[in-house]
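Trainee: Data: coords.txt, compact mmCIF, C-alpha atoms.
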```txt
# COMPACT_ATOMS: atom_id res chain seq x y z
CA MET A 1 2.05 -24.20 -8.04
CA SER A 2 5.67 -23.51 -7.21
CA SER A 3 7.47 -20.17 -7.19
CA ASP A 4 8.66 -20.90 -10.75
CA GLU A 5 5.16 -21.70 -11.98
CA GLN A 6 4.33 -20.89 -15.57
CA VAL A 7 1.42 -18.61 -16.38
CA GLY A 8 -0.88 -19.92 -19.11
CA ASN A 9 -1.69 -18.05 -22.28
CA ALA A 10 -5.25 -17.22 -21.21
CA ALA A 11 -4.14 -15.73 -17.90
CA ARG A 12 -1.29 -13.83 -19.53
CA ALA A 13 -3.58 -12.38 -22.19
CA LEU A 14 -6.17 -11.33 -19.63
CA HIS A 15 -3.54 -9.79 -17.41
CA GLU A 16 -2.19 -7.75 -20.30
CA VAL A 17 -5.56 -6.25 -21.21
CA ALA A 18 -6.61 -5.53 -17.62
CA LEU A 19 -5.81 -2.18 -16.02
CA VAL A 20 -3.56 -3.53 -13.25
CA LEU A 21 -3.25 -1.12 -10.32
CA ASP A 22 -1.77 -1.67 -6.86
CA THR A 23 -2.97 0.63 -4.08
CA HIS A 24 0.17 0.59 -1.94
CA LEU A 25 3.55 1.12 -3.60
CA ASP A 26 6.17 2.18 -1.03
CA THR A 27 8.68 2.58 -3.85
CA PRO A 28 9.09 6.37 -3.26
CA SER A 29 11.35 5.39 -0.35
CA ASN A 30 13.88 4.35 -3.00
CA LEU A 31 13.69 7.41 -5.22
CA HIS A 32 16.40 9.38 -3.40
CA ARG A 33 18.75 6.42 -2.88
CA PRO A 34 22.26 7.17 -4.21
CA GLY A 35 22.71 5.68 -7.66
CA TRP A 36 19.15 4.29 -7.79
CA SER A 37 16.90 4.85 -10.80
CA ILE A 38 13.31 3.77 -11.38
CA LEU A 39 14.36 3.05 -14.99
CA ASP A 40 16.87 0.34 -14.00
CA ARG A 41 16.13 -3.25 -13.06
CA HIS A 42 16.98 -3.94 -9.40
CA ASP A 43 16.46 -7.69 -8.86
CA GLN A 44 19.63 -7.89 -6.79
CA ASP A 45 18.21 -5.54 -4.16
CA GLY A 46 15.76 -8.16 -2.90
CA ASP A 47 12.84 -6.67 -1.03
CA PHE A 48 14.62 -3.34 -0.80
CA ALA A 49 13.46 -2.79 -4.37
CA GLN A 50 10.58 -4.81 -5.77
CA VAL A 51 9.25 -2.21 -8.22
CA ASP A 52 10.98 -0.53 -11.13
CA LEU A 53 9.96 0.24 -14.69
CA PRO A 54 11.42 -2.89 -16.35
CA ARG A 55 9.75 -5.17 -13.82
CA MET A 56 6.48 -3.24 -13.96
CA LYS A 57 6.44 -3.93 -17.71
CA GLU A 58 7.30 -7.60 -17.23
CA GLY A 59 4.64 -8.08 -14.56
CA GLY A 60 1.99 -6.03 -16.31
CA LEU A 61 1.71 -3.53 -13.46
CA ASP A 62 0.20 -0.40 -14.98
CA GLY A 63 0.73 1.69 -11.84
CA GLY A 64 -1.17 2.54 -8.72
CA PHE A 65 -0.87 4.63 -5.60
CA TRP A 66 2.68 5.74 -4.80
CA VAL A 67 2.93 6.39 -1.08
CA VAL A 68 3.97 9.42 0.96
CA TYR A 69 4.95 7.39 4.04
CA THR A 70 6.12 8.98 7.30
CA ALA A 71 7.10 6.87 10.31
CA GLN A 72 5.37 8.00 13.48
CA GLY A 73 7.66 10.01 15.73
CA ALA A 74 7.35 12.43 18.61
CA ARG A 75 4.02 14.23 18.77
CA ASP A 76 5.48 17.53 19.92
CA ALA A 77 6.15 20.72 17.97
CA ALA A 78 9.59 19.59 16.78
CA GLY A 79 8.35 16.12 15.79
CA ASN A 80 5.38 17.55 13.94
CA ARG A 81 7.58 19.96 11.99
CA ALA A 82 9.98 17.16 11.05
CA ALA A 83 7.05 15.04 9.86
CA ARG A 84 5.65 17.97 7.86
CA ASP A 85 8.99 18.43 6.11
CA HIS A 86 9.51 14.71 5.52
CA GLY A 87 6.08 14.34 3.93
CA LEU A 88 6.65 17.22 1.55
CA VAL A 89 10.06 15.86 0.53
CA ARG A 90 8.53 12.44 -0.19
CA LEU A 91 5.72 14.06 -2.17
CA ALA A 92 8.27 16.06 -4.17
CA ALA A 93 10.23 12.87 -4.91
CA ILE A 94 7.17 11.30 -6.54
CA ARG A 95 6.48 14.37 -8.63
CA GLU A 96 10.17 14.61 -9.57
CA MET A 97 10.08 11.00 -10.81
CA VAL A 98 7.15 11.84 -13.06
CA ALA A 99 8.70 15.07 -14.27
CA ALA A 100 12.05 13.41 -15.02
CA HIS A 101 10.49 10.57 -17.05
CA PRO A 102 7.42 11.98 -18.81
CA GLN A 103 7.65 9.35 -21.53
CA ASP A 104 7.19 6.57 -18.96
CA PHE A 105 5.10 7.96 -16.07
CA GLU A 106 2.22 10.39 -15.69
CA LEU A 107 0.45 11.80 -12.65
CA ALA A 108 -3.18 10.71 -12.38
CA LEU A 109 -5.75 12.85 -10.59
CA THR A 110 -8.93 11.03 -11.63
CA ALA A 111 -10.11 7.58 -12.65
CA ASP A 112 -10.40 8.77 -16.25
CA ASP A 113 -6.76 9.89 -16.12
CA ALA A 114 -5.71 6.36 -15.16
CA VAL A 115 -7.56 4.85 -18.11
CA ARG A 116 -6.09 7.39 -20.53
CA ILE A 117 -2.54 7.04 -19.19
CA GLU A 118 -2.59 3.25 -19.43
CA LYS A 119 -3.83 3.42 -23.02
CA SER A 120 -0.94 5.75 -23.85
CA GLY A 121 1.56 3.12 -22.69
CA LYS A 122 2.72 5.06 -19.65
CA ARG A 123 2.57 4.02 -15.99
CA VAL A 124 -0.11 5.51 -13.75
CA VAL A 125 1.04 7.54 -10.75
CA PHE A 126 -1.62 8.27 -8.16
CA ILE A 127 -0.36 9.69 -4.85
CA SER A 128 -1.44 8.55 -1.38
CA MET A 129 -0.39 9.31 2.19
CA GLU A 130 0.24 6.58 4.75
CA ASN A 131 -0.03 8.09 8.22
CA ALA A 132 -1.50 11.58 8.53
CA TYR A 133 1.37 12.59 10.85
CA PRO A 134 2.72 15.19 8.34
CA LEU A 135 -0.57 17.08 8.80
CA ALA A 136 -0.38 17.24 12.60
CA SER A 137 1.25 20.67 12.70
CA ASP A 138 -1.34 22.10 10.31
CA PRO A 139 -4.22 19.97 9.00
CA THR A 140 -5.04 22.65 6.42
CA LEU A 141 -1.97 21.35 4.56
CA LEU A 142 -4.30 18.67 3.23
CA SER A 143 -5.60 21.14 0.65
CA ALA A 144 -2.03 21.81 -0.50
CA TYR A 145 -1.38 18.09 -0.80
CA TYR A 146 -4.58 17.74 -2.79
CA ALA A 147 -3.49 20.52 -5.17
CA LEU A 148 -0.20 18.66 -5.64
CA GLY A 149 -1.92 15.38 -6.47
CA LEU A 150 -2.85 13.55 -3.25
CA ARG A 151 -5.93 11.38 -3.79
CA MET A 152 -5.83 8.88 -0.87
CA LEU A 153 -5.27 9.42 2.85
CA GLY A 154 -4.45 6.79 5.49
CA ILE A 155 -5.10 7.96 9.05
CA THR A 156 -2.45 6.10 11.05
CA HIS A 157 0.50 3.75 10.80
CA THR A 158 1.71 1.41 13.55
CA SER A 159 1.23 3.91 16.42
CA ASN A 160 -1.54 6.21 17.56
CA ASN A 161 -1.35 9.79 16.32
CA ASP A 162 -3.22 13.07 16.74
CA PHE A 163 -5.98 11.90 14.40
CA GLY A 164 -6.81 8.42 15.68
CA ASP A 165 -5.79 5.04 17.04
CA SER A 166 -3.58 2.48 15.33
CA SER A 167 -4.43 -1.20 15.31
CA THR A 168 -0.98 -2.08 16.65
CA ASP A 169 0.03 0.56 19.21
CA PRO A 170 1.25 -1.40 22.26
CA VAL A 171 -0.31 1.14 24.64
CA GLY A 172 -3.76 0.43 23.22
CA ALA A 173 -6.47 2.92 22.32
CA GLU A 174 -5.94 6.59 23.05
CA TRP A 175 -9.01 8.10 21.38
CA ASN A 176 -11.32 5.09 21.14
CA GLY A 177 -11.44 5.68 17.40
CA LEU A 178 -10.96 8.98 15.61
CA SER A 179 -9.96 12.04 17.62
CA PRO A 180 -11.84 15.32 17.16
CA ARG A 181 -9.07 16.38 14.75
CA GLY A 182 -9.48 13.07 12.94
CA ARG A 183 -13.19 13.65 12.49
CA ALA A 184 -12.48 17.08 11.05
CA LEU A 185 -9.91 15.51 8.71
CA VAL A 186 -12.53 13.08 7.41
CA GLU A 187 -14.86 15.97 6.62
CA GLU A 188 -12.11 17.84 4.80
CA ALA A 189 -11.06 14.78 2.80
CA ASN A 190 -14.68 14.29 1.73
CA ARG A 191 -14.91 17.94 0.75
CA LEU A 192 -11.77 17.80 -1.37
CA GLY A 193 -12.46 14.40 -2.95
CA ILE A 194 -9.72 12.36 -1.28
CA VAL A 195 -10.29 8.63 -0.70
CA LEU A 196 -10.06 7.65 2.96
CA ASP A 197 -7.93 4.59 3.79
CA ALA A 198 -8.45 2.57 7.00
CA SER A 199 -5.41 0.28 6.68
CA HIS A 200 -3.31 0.23 9.87
CA ALA A 201 -6.11 1.99 11.80
CA SER A 202 -7.90 0.38 14.72
CA ASP A 203 -11.22 -1.37 14.26
CA LYS A 204 -12.93 1.55 15.96
CA VAL A 205 -11.32 4.03 13.56
CA PHE A 206 -12.56 1.84 10.70
CA ASP A 207 -16.05 1.98 12.22
CA ASP A 208 -15.85 5.76 12.57
CA LEU A 209 -14.63 6.22 9.00
CA LEU A 210 -17.39 4.03 7.66
CA GLU A 211 -20.00 5.97 9.63
CA LEU A 212 -18.70 9.49 9.04
CA SER A 213 -17.48 9.40 5.46
CA LYS A 214 -20.02 10.54 2.91
CA ALA A 215 -18.20 8.49 0.25
CA PRO A 216 -16.93 4.90 0.13
CA ILE A 217 -13.65 4.16 1.91
CA VAL A 218 -10.90 1.64 1.17
CA LEU A 219 -8.40 -0.56 2.91
CA SER A 220 -5.31 -0.08 0.75
CA HIS A 221 -3.31 -3.06 2.08
CA THR A 222 -5.06 -5.32 4.59
CA SER A 223 -5.67 -9.06 5.00
CA ALA A 224 -8.22 -11.36 6.68
CA LYS A 225 -8.54 -11.71 10.44
CA ALA A 226 -10.58 -14.90 9.93
CA LEU A 227 -7.43 -16.61 8.61
CA TYR A 228 -4.89 -15.00 10.95
CA LEU A 229 -6.09 -13.27 14.09
CA HIS A 230 -3.77 -10.28 13.88
CA PRO A 231 -4.98 -6.80 14.94
CA ARG A 232 -3.68 -5.41 11.65
CA ASN A 233 -6.20 -7.57 9.72
CA ILE A 234 -9.97 -7.11 9.34
CA ASP A 235 -12.81 -9.38 10.40
CA ASP A 236 -15.56 -10.71 8.18
CA GLU A 237 -18.34 -8.62 9.72
CA ARG A 238 -16.49 -5.41 8.93
CA LEU A 239 -15.70 -6.69 5.45
CA ARG A 240 -19.41 -7.05 4.80
CA LYS A 241 -20.08 -3.55 6.14
CA LEU A 242 -17.32 -2.14 3.92
CA ALA A 243 -18.89 -3.79 0.87
CA ALA A 244 -22.39 -2.67 1.83
CA LYS A 245 -21.19 0.94 1.71
CA GLY A 246 -19.42 0.53 -1.63
CA GLY A 247 -15.87 0.29 -0.31
CA VAL A 248 -12.97 -1.88 -1.47
CA ILE A 249 -10.34 -3.89 0.42
CA HIS A 250 -7.00 -4.37 -1.31
CA VAL A 251 -5.30 -7.50 -0.03
CA ASN A 252 -1.85 -7.23 1.54
CA ALA A 253 1.09 -9.55 0.77
CA TYR A 254 3.03 -8.75 3.96
CA GLY A 255 3.96 -12.20 5.30
CA GLY A 256 3.74 -11.21 8.95
CA TYR A 257 0.03 -10.51 8.51
CA LEU A 258 -0.70 -13.67 6.50
CA ILE A 259 0.62 -16.39 8.81
CA PRO A 260 1.81 -16.55 12.42
CA THR A 261 5.55 -16.15 12.90
CA PRO A 262 6.80 -18.08 15.95
CA LYS A 263 8.49 -15.81 18.44
CA ASN A 264 12.25 -16.11 18.78
CA ALA A 265 13.81 -13.65 21.21
CA ALA A 266 17.32 -14.04 19.82
CA ARG A 267 16.16 -13.54 16.23
CA ASP A 268 14.01 -10.54 17.21
CA ALA A 269 16.97 -8.95 19.04
CA ALA A 270 19.30 -9.55 16.09
CA LEU A 271 16.78 -8.06 13.64
CA ALA A 272 16.19 -5.04 15.90
CA GLU A 273 19.93 -4.41 16.07
CA TRP A 274 20.19 -4.86 12.29
CA GLU A 275 17.38 -2.35 11.68
CA LYS A 276 19.16 0.16 13.91
CA ARG A 277 22.33 -0.24 11.85
CA VAL A 278 20.45 0.14 8.58
CA GLY A 279 18.73 3.36 9.65
CA GLU A 280 17.24 5.33 6.76
CA TYR A 281 18.14 2.97 3.93
CA SER A 282 17.27 5.55 1.29
CA ALA A 283 20.65 7.08 2.16
CA LEU A 284 22.60 3.88 1.50
CA SER A 285 24.68 3.21 -1.59
CA PRO A 286 24.04 0.11 -3.72
CA ALA A 287 27.07 -1.61 -2.15
CA GLN A 288 25.82 -0.82 1.35
CA ILE A 289 22.38 -2.19 0.49
CA GLN A 290 23.95 -5.46 -0.65
CA ALA A 291 25.94 -5.69 2.57
CA ARG A 292 22.87 -5.10 4.72
CA LEU A 293 20.90 -7.73 2.78
CA ARG A 294 23.66 -10.29 3.38
CA GLU A 295 23.60 -9.44 7.09
CA ARG A 296 19.87 -10.03 7.28
CA GLN A 297 20.09 -13.25 5.30
CA GLU A 298 22.63 -14.47 7.82
CA ILE A 299 20.23 -13.70 10.68
CA TYR A 300 17.48 -15.74 9.02
CA ARG A 301 19.95 -18.54 8.28
CA LYS A 302 20.93 -18.63 11.93
CA TYR A 303 17.33 -18.35 13.18
CA PRO A 304 15.24 -19.90 10.38
CA VAL A 305 11.56 -19.08 9.97
CA ALA A 306 9.16 -20.50 7.39
CA PRO A 307 8.15 -17.70 5.00
CA ALA A 308 4.63 -16.98 3.86
CA THR A 309 3.92 -18.17 0.33
CA LEU A 310 1.76 -17.36 -2.66
CA ASP A 311 -0.60 -20.08 -1.41
CA ASP A 312 -0.99 -18.19 1.89
CA TYR A 313 -1.64 -14.96 0.02
CA MET A 314 -4.25 -16.58 -2.19
CA ARG A 315 -6.04 -18.07 0.84
CA HIS A 316 -6.52 -14.53 2.17
CA LEU A 317 -7.49 -13.13 -1.22
CA LEU A 318 -9.98 -15.90 -1.99
CA HIS A 319 -11.52 -15.75 1.48
CA ILE A 320 -11.99 -12.00 1.22
CA LEU A 321 -13.48 -12.37 -2.26
CA LYS A 322 -15.99 -14.87 -0.89
CA VAL A 323 -16.99 -12.60 2.00
CA ALA A 324 -16.98 -9.16 0.36
CA GLY A 325 -17.69 -10.13 -3.25
CA PRO A 326 -15.52 -9.48 -6.33
CA GLU A 327 -16.93 -5.96 -6.70
CA HIS A 328 -15.24 -4.94 -3.43
CA VAL A 329 -11.75 -6.46 -3.58
CA GLY A 330 -8.43 -5.39 -5.07
CA VAL A 331 -4.69 -5.82 -4.59
CA GLY A 332 -2.39 -3.72 -2.42
CA ALA A 333 0.64 -5.91 -1.86
CA ASP A 334 2.81 -3.43 0.10
CA TRP A 335 5.66 -3.59 -2.39
CA ASP A 336 8.90 -2.04 -1.11
CA GLY A 337 7.29 -1.75 2.32
CA GLY A 338 7.69 -5.33 3.50
CA GLY A 339 5.28 -7.05 1.12
CA GLY A 340 6.11 -10.03 -1.01
CA VAL A 341 6.05 -13.76 -0.25
CA ALA A 342 7.64 -16.90 -1.67
CA GLY A 343 6.28 -17.17 -5.19
CA LEU A 344 5.29 -13.52 -5.24
CA GLU A 345 8.64 -11.88 -4.59
CA ASP A 346 8.24 -8.83 -6.77
CA VAL A 347 5.87 -7.31 -9.32
CA THR A 348 7.02 -9.62 -12.12
CA ALA A 349 4.98 -12.36 -10.42
CA LEU A 350 1.63 -10.53 -10.57
CA PRO A 351 0.28 -12.60 -13.49
CA ARG A 352 0.33 -15.60 -11.14
CA ILE A 353 -2.51 -13.98 -9.19
CA THR A 354 -4.53 -13.70 -12.40
CA GLU A 355 -3.80 -17.37 -13.12
CA ARG A 356 -4.99 -18.38 -9.65
CA LEU A 357 -8.15 -16.27 -9.91
CA LEU A 358 -9.09 -17.86 -13.23
CA ALA A 359 -8.47 -21.30 -11.75
CA ALA A 360 -10.76 -20.40 -8.84
CA GLY A 361 -13.59 -19.69 -11.27
CA TYR A 362 -13.63 -15.89 -11.35
CA THR A 363 -14.70 -14.36 -14.64
CA GLU A 364 -12.66 -12.05 -16.82
CA SER A 365 -14.92 -9.20 -15.74
CA ASP A 366 -14.39 -10.04 -12.07
CA ILE A 367 -10.63 -10.13 -12.50
CA LYS A 368 -10.52 -6.83 -14.37
CA ASN A 369 -12.50 -5.27 -11.51
CA ILE A 370 -10.17 -6.78 -8.91
CA TRP A 371 -7.11 -5.42 -10.68
CA GLY A 372 -8.40 -1.88 -11.15
CA GLY A 373 -12.07 -1.49 -11.94
CA ASN A 374 -13.24 -1.51 -8.33
CA LEU A 375 -10.68 1.11 -7.36
CA LEU A 376 -11.68 3.36 -10.25
CA ARG A 377 -15.34 3.08 -9.21
CA VAL A 378 -14.48 4.30 -5.71
CA LEU A 379 -12.40 7.16 -7.11
CA ARG A 380 -15.33 8.23 -9.27
CA GLU A 381 -17.81 8.01 -6.39
CA VAL A 382 -15.57 10.00 -4.06
CA ARG A 383 -15.13 12.67 -6.75
CA ALA A 384 -18.86 12.76 -7.46
CA LYS A 385 -19.73 13.18 -3.79
CA ALA A 386 -17.28 16.07 -3.45
CA ASP A 387 -18.60 17.75 -6.59
CA ALA A 388 -22.22 17.34 -5.48
CA ALA A 389 -21.47 18.88 -2.09
CA ARG A 390 -20.02 21.97 -3.79
CA ALA A 391 -22.84 22.36 -6.27
CA PRO A 392 -25.07 25.43 -5.68
```
Would you encode the structure as structure tokens?
Mentor:
Amino acid sequence: MSSDEQVGNAARALHEVALVLDTHLDTPSNLHRPGWSILDRHDQDGDFAQVDLPRMKEGGLDGGFWVVYTAQGARDAAGNRAARDHGLVRLAAIREMVAAHPQDFELALTADDAVRIEKSGKRVVFISMENAYPLASDPTLLSAYYALGLRMLGITHTSNNDFGDSSTDPVGAEWNGLSPRGRALVEEANRLGIVLDASHASDKVFDDLLELSKAPIVLSHTSAKALYLHPRNIDDERLRKLAAKGGVIHVNAYGGYLIPTPKNAARDAALAEWEKRVGEYSALSPAQIQARLRERQEIYRKYPVAPATLDDYMRHLLHILKVAGPEHVGVGADWDGGGGVAGLEDVTALPRITERLLAAGYTESDIKNIWGGNLLRVLREVRAKADAARAP
């Protein structure tokens, strides 16, 4: 099917009745942009803004995990304090969005909350953390984050940190998995009832999480190493182990992890210089965003590269479904964080995934589980384990 493919009535109807949740929405990075509102439609912003309320409604996205993301910086006292402050500001932005628009959004703390909120016609707002760096200065802050709504915790991002190794740090492994502080963080997350997320972490961190966690874990936005041998992806053997322990992998739509991108030194240098000019794009005005997008489009025009497509995404999703089983797969497309491919450019295209899954022979029950049921099961199991551990 092409990027303008039509979604059939059966797929559209199923998509509308399913509880459609995405486990990795980087949209909070936009919430403090000058002149930007979650209530407005932002098609013109390209992949700087792929999620907003009008497009969530059009694409049948009922909500998901809204991310407290912090880029890894210096691991000294000053860097740790800056990360602590950044994380709390991002957390506050998510809560401010909910508070400002109570008729449209509601904070979810449990699986039952998500079901109730969706039935009320509002959008579900779970909160997650990508990169535990904001906790480096004081890991006990995790309990404060939990009290403020955090229900998922990713250990690392693209670099190693004080809690464990990243899958993509150019220096390689520092801890050979989780650090002692990382192991303590796992125990605390289990105690509180926070889902542990192994996306971006090294294979050895994944192994440690799977061994140490008393509850199922997830991969919130990860693709298949069997189809593209990238360290950010996961191999089939680990997929089977994840499923055996009740976990769920949510498949990523970040093109650079779906297909190989041929190296081009001139293009890479131009993009690096462009990223330096952009800086923290949440501080840019709408006009500045448009200018930066035109600059990047010119770089890709000058140094063309074939983009990943919906077909590429579906190859990963269908492979993972075959290996892990439909009870252990979901969607975490990395919207507003680099996700999106040709034919799946923003959340309005989500029904196309439902169409493809039906065509591949998956049942309505399977598809409902993929879109949200599997995630809710993990949330319930993590909560139950935490409650049981506290019982007298």
Trainee: Return the padded bounding box of range 51-62 of chain A as AutoDock Vina command-line options: axis-aligned, built from all atoms listed in the file, 4 Å added on each side, with centre and edge lengths in Å to one decimal.
Mentor:
```
--center_x 5.8 --center_y -3.9 --center_z -13.0 --size_x 19.2 --size_y 16.3 --size_z 17.5
```
Trainee: Report the closest atom pair, with its distance in Å rounded to one decimal, for each residue of range 295-337 of chain A that has an atom no farther than 9 Å from range 36-55 of chain A; count all atoms listed in the file, sort by chain and then rising residue number, and write it as CSV.
Mentor:
```
residue,atom,partner,partner_atom,distance
A:Trp335,CA,A:Gln50,CA,6.1
A:Asp336,CA,A:Ala49,CA,5.7
A:Gly337,CA,A:Phe48,CA,8.1
```
Trainee: Got a sec: who's within 7 Å of Thr348 in chain A, counting only C-alpha atoms, leaving out chain neighbours fewer than 4 positions off, as an mmCIF file with C-alpha atoms, keeping the file's coordinate frame?
Mentor:
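That gives us around-v8.cif:
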```cif
data_model
loop_
_atom_site.group_PDB
_atom_site.id
_atom_site.type_symbol
_atom_site.label_atom_id
_atom_site.label_comp_id
_atom_site.auth_asym_id
_atom_site.auth_seq_id
_atom_site.Cartn_x
_atom_site.Cartn_y
_atom_site.Cartn_z
ATOM 1 C CA ARG A 55 9.750 -5.170 -13.820
ATOM 2 C CA MET A 56 6.480 -3.240 -13.960
ATOM 3 C CA GLU A 58 7.300 -7.600 -17.230
ATOM 4 C CA GLY A 59 4.640 -8.080 -14.560
#
```
Trainee: Any idea what the distance is between CA of Ser220 in chain A and CA of Ala391 in chain A?
Mentor: 29.3 Å
Trainee: Write out as a CSV table (one decimal) with C-alpha atoms, keeping the file's coordinate frame the residues lying within 12 Å of Arg296 in chain A, counting all atoms listed in the file and excluding same-chain residues fewer than 2 positions away.
Mentor:
```
chain,number,residue,atom,x,y,z
A,46,GLY,CA,15.8,-8.2,-2.9
A,47,ASP,CA,12.8,-6.7,-1.0
A,48,PHE,CA,14.6,-3.3,-0.8
A,267,ARG,CA,16.2,-13.5,16.2
A,268,ASP,CA,14.0,-10.5,17.2
A,270,ALA,CA,19.3,-9.6,16.1
A,271,LEU,CA,16.8,-8.1,13.6
A,272,ALA,CA,16.2,-5.0,15.9
A,273,GLU,CA,19.9,-4.4,16.1
A,274,TRP,CA,20.2,-4.9,12.3
A,275,GLU,CA,17.4,-2.4,11.7
A,277,ARG,CA,22.3,-0.2,11.8
A,278,VAL,CA,20.4,0.1,8.6
A,289,ILE,CA,22.4,-2.2,0.5
A,290,GLN,CA,24.0,-5.5,-0.6
A,291,ALA,CA,25.9,-5.7,2.6
A,292,ARG,CA,22.9,-5.1,4.7
A,293,LEU,CA,20.9,-7.7,2.8
A,294,ARG,CA,23.7,-10.3,3.4
A,298,GLU,CA,22.6,-14.5,7.8
A,299,ILE,CA,20.2,-13.7,10.7
A,300,TYR,CA,17.5,-15.7,9.0
A,301,ARG,CA,20.0,-18.5,8.3
A,302,LYS,CA,20.9,-18.6,11.9
A,303,TYR,CA,17.3,-18.4,13.2
A,304,PRO,CA,15.2,-19.9,10.4
```
Trainee: List every residue of range 146-223 of chain A that has an atom at most 10 Å from any atom of range 113-134 of chain A, giving for each one its closest atom pair and the distance in Å to one decimal, counting only C-alpha atoms, sorted by chain and then by ascending residue number, as JSON lines.
Mentor:
```
{"residue": "A:Tyr146", "atom": "CA", "partner": "A:Ile127", "partner_atom": "CA", "distance": 9.3}
{"residue": "A:Leu148", "atom": "CA", "partner": "A:Ile127", "partner_atom": "CA", "distance": 9.0}
{"residue": "A:Gly149", "atom": "CA", "partner": "A:Ile127", "partner_atom": "CA", "distance": 6.1}
{"residue": "A:Leu150", "atom": "CA", "partner": "A:Ile127", "partner_atom": "CA", "distance": 4.9}
{"residue": "A:Arg151", "atom": "CA", "partner": "A:Ser128", "partner_atom": "CA", "distance": 5.8}
{"residue": "A:Met152", "atom": "CA", "partner": "A:Ser128", "partner_atom": "CA", "distance": 4.4}
{"residue": "A:Leu153", "atom": "CA", "partner": "A:Met129", "partner_atom": "CA", "distance": 4.9}
{"residue": "A:Gly154", "atom": "CA", "partner": "A:Glu130", "partner_atom": "CA", "distance": 4.8}
{"residue": "A:Ile155", "atom": "CA", "partner": "A:Ala132", "partner_atom": "CA", "distance": 5.1}
{"residue": "A:Thr156", "atom": "CA", "partner": "A:Asn131", "partner_atom": "CA", "distance": 4.2}
{"residue": "A:His157", "atom": "CA", "partner": "A:Asn131", "partner_atom": "CA", "distance": 5.1}
{"residue": "A:Thr158", "atom": "CA", "partner": "A:Asn131", "partner_atom": "CA", "distance": 8.7}
{"residue": "A:Ser159", "atom": "CA", "partner": "A:Asn131", "partner_atom": "CA", "distance": 9.3}
{"residue": "A:Asn160", "atom": "CA", "partner": "A:Asn131", "partner_atom": "CA", "distance": 9.6}
{"residue": "A:Asn161", "atom": "CA", "partner": "A:Tyr133", "partner_atom": "CA", "distance": 6.7}
{"residue": "A:Asp162", "atom": "CA", "partner": "A:Tyr133", "partner_atom": "CA", "distance": 7.5}
{"residue": "A:Phe163", "atom": "CA", "partner": "A:Ala132", "partner_atom": "CA", "distance": 7.4}
{"residue": "A:Gly164", "atom": "CA", "partner": "A:Ala132", "partner_atom": "CA", "distance": 9.5}
{"residue": "A:Ser166", "atom": "CA", "partner": "A:Asn131", "partner_atom": "CA", "distance": 9.7}
{"residue": "A:Gly182", "atom": "CA", "partner": "A:Ala132", "partner_atom": "CA", "distance": 9.2}
{"residue": "A:Leu185", "atom": "CA", "partner": "A:Ala132", "partner_atom": "CA", "distance": 9.3}
{"residue": "A:Ile194", "atom": "CA", "partner": "A:Ser128", "partner_atom": "CA", "distance": 9.1}
{"residue": "A:Val195", "atom": "CA", "partner": "A:Ser128", "partner_atom": "CA", "distance": 8.9}
{"residue": "A:Leu196", "atom": "CA", "partner": "A:Ser128", "partner_atom": "CA", "distance": 9.7}
{"residue": "A:Asp197", "atom": "CA", "partner": "A:Glu130", "partner_atom": "CA", "distance": 8.5}
{"residue": "A:Ala198", "atom": "CA", "partner": "A:Glu130", "partner_atom": "CA", "distance": 9.8}
{"residue": "A:Ser199", "atom": "CA", "partner": "A:Glu130", "partner_atom": "CA", "distance": 8.7}
{"residue": "A:His200", "atom": "CA", "partner": "A:Asn131", "partner_atom": "CA", "distance": 8.7}
{"residue": "A:Ala201", "atom": "CA", "partner": "A:Asn131", "partner_atom": "CA", "distance": 9.3}
{"residue": "A:Ser220", "atom": "CA", "partner": "A:Glu130", "partner_atom": "CA", "distance": 9.5}
```
